[in-house]
Amino acid sequence: MILNADDVLERLRALRARQPVKFWALYSSQLGGIVTDPALMVLPFDDHMVHRGHGVFDTAALVDGKIYDLEAHLDRFVRSARTSKLALPAREEMRDIVVRTTAASARRDGSIRYWASAGPGSLGLTPAAGAAPGFFVMVFAGLSYPEAWYTEGLRVMTTTYPIKPPLYAVTKSTNYLPNVLMQLEAQERGLDNGIFVDEAGHVGESSNMNVAFVTQDGVLRHPRFEHILAGCTSLRLLALATGLVPRKLIGDVQVCDIPVAEARAAREMMLFGSSVKVAPVVEWDGKPIGAGAPGPVARALRELLEQDMRTARERLIDVPY
Ligand SMILES: Cc1ncc(COP(=O)(O)O)c(C=O)c1O
């Protein structure tokens with residue numbers, strides 16, 4: 001059956017009707033504008049981001065009509081693009097497109113994800129001669145997790161999949177196969193997520209989240225960022241966490257290698273990320289962490305982050321709706 005353009009549009013709309021999505025606006029450099037109909041949020045099949053994973057992305061949060069910590073996310077996006085040999089629009093232009101696409105979405109809460117792609121042009125490996133690199137911005141509902149993750153905590157496993165080599169782990173590219181397989185493996189076992197451990201036996205990170213611990217001596221410890229993604233949430237939380245020292249919830253904050261044995265003996269274990277924020281882990285490989293219940297530091301950090309996302313004026317951009 002050969003379809004004409006009207007048939008295709010009708011079928012793309014039918015697909016979205018069968019599988020509703022909460023995608024509110026997409027800017028595409030290939031279209032040269034913004035669309036709000038999810039059926040039109042498409043990419044050419046020969047874009048190298050699709051068939052070779054030659055693309056990078058990042059995600060910032062939209063909170064009460066303001067974009068949170070965009071500069072930190074853009075810093076990482078620029079680093080990822082450089083490592084991946086991808087060309088980007090000027091930073092001011094990217095910021096402007098992010099803000100305008102968010103305004104076009106008319107939404108005040110959600111997530112803003114943006115991608116850089118090598119562009120269309122061939123089915124080879126390296127970008128086709130003359131291919132224009134793509135830049136895309138999507139405003140969508142964001143990932144959401146069960147409320148029980150926060151009230152009861154998560155159960156995780158050490159993944160059987162190898163951690164990405166450092167160069168790829170620190171680059172937020174569209175190659176998420178190990179991360180996807182880790183999450184599927186955990187789900188197949190009735191668990192919530194997985195944890196990567198490196199060859200030296202140090203804790204790495206989770207699927208799309210970082211991991212941190214409160215050790216027996218009351219120190220908030222986070223793995224070094226040389227072999228994992230430098231989470232914007234982690235970096236912010238490590239700064240905010242110093243506020244818990246005078247409150248005697250922790251004694252210190254450290255970024256260091258964390259051997260698995262030390263991690264398993266922690267009082268608290270938690271996941272950090274833009275989508276999950278702060279969520280307590282209560283069980284790892286079938287054994288309880290600490291008392292096997294959400295702890296006070298995870299709760300306090302979540303409150304600090306929620307507050308920061310609404311009140312840190314220097315980290316918030318007002319969206320001109
Ligand atoms: C592999 C990985 N680690 C950690 C994180 C947490 O990063 P952020 O706090 O910037 O969301 C993410 C999410 O982007 C991720 O994909």
# chains A, B, ... in the order shown; residues from 1 in each chain; ligands from 1

call {"tool": "residues_around", "arguments": {"residues": "segment 24-32 of chain A", "least_positions_apart": "2", "cutoff": "12 Å", "atoms": "only C-alpha atoms", "output": "MDAnalysis selection string"}}
result
chainID A and resid 20:22 34:44 47 88:89 93:94 96:120 131:142

call {"tool": "closest_atom_pairs", "arguments": {"of": "chain A", "to": "ligand 1", "cutoff": "6 Å", "atoms": "only C-alpha atoms and all ligand atoms", "output": "tab-separated table"}}
result
residue	atom	partner	partner_atom_place_in_ligand_line	distance
A:Ser207	CA	ligand 1	1 (C)	5.4
A:Asn208	CA	ligand 1	15 (C)	3.4
A:Met209	CA	ligand 1	4 (C)	3.8
A:Asn210	CA	ligand 1	4 (C)	4.4
A:Leu229	CA	ligand 1	3 (N)	4.8
A:Gly231	CA	ligand 1	7 (O)	3.4
A:Cys232	CA	ligand 1	10 (O)	3.7
A:Thr233	CA	ligand 1	9 (O)	3.6
A:Ser234	CA	ligand 1	9 (O)	5.6
A:Gly273	CA	ligand 1	9 (O)	3.6
A:Ser274	CA	ligand 1	11 (O)	3.6

call {"tool": "select_by_dssp", "arguments": {"residues": "segment 62-199 of chain A", "states": "alpha helix (DSSP H)", "output": "PyMOL selection string"}}
result
chain A and resi 70-83+91-105+148-151+166-169+177-188

call {"tool": "residues_around", "arguments": {"residues": "segment 211-215 of chain A", "least_positions_apart": "6", "cutoff": "6 Å", "atoms": "only C-alpha atoms", "output": "list in words"}}
result
Glu205, Arg221, His222, Ala266, Arg267, Glu268, Met269, Met270 and Leu271 of chain A

call {"tool": "residues_around", "arguments": {"residues": "Thr126 of chain A", "least_positions_apart": "3", "cutoff": "10 Å", "atoms": "only C-alpha atoms", "output": "ChimeraX atom specification"}}
result
/A:48,52,54,118,122-123,129

call {"tool": "residues_around", "arguments": {"residues": "Gly190 of chain A", "least_positions_apart": "2", "cutoff": "12 Å", "atoms": "only C-alpha atoms", "output": "NGL selection string"}}
result
:A and (154-157 or 183-188 or 192-194 or 285-286)

call {"tool": "select_by_dssp", "arguments": {"residues": "segment 68-270 of chain A", "states": "strand (DSSP E or B)", "output": "MDAnalysis selection string"}}
result
chainID A and resid 68 110:117 134:140 154:158 173 193:195 197 202:203 210:214 219:222 252:255 259 268:270
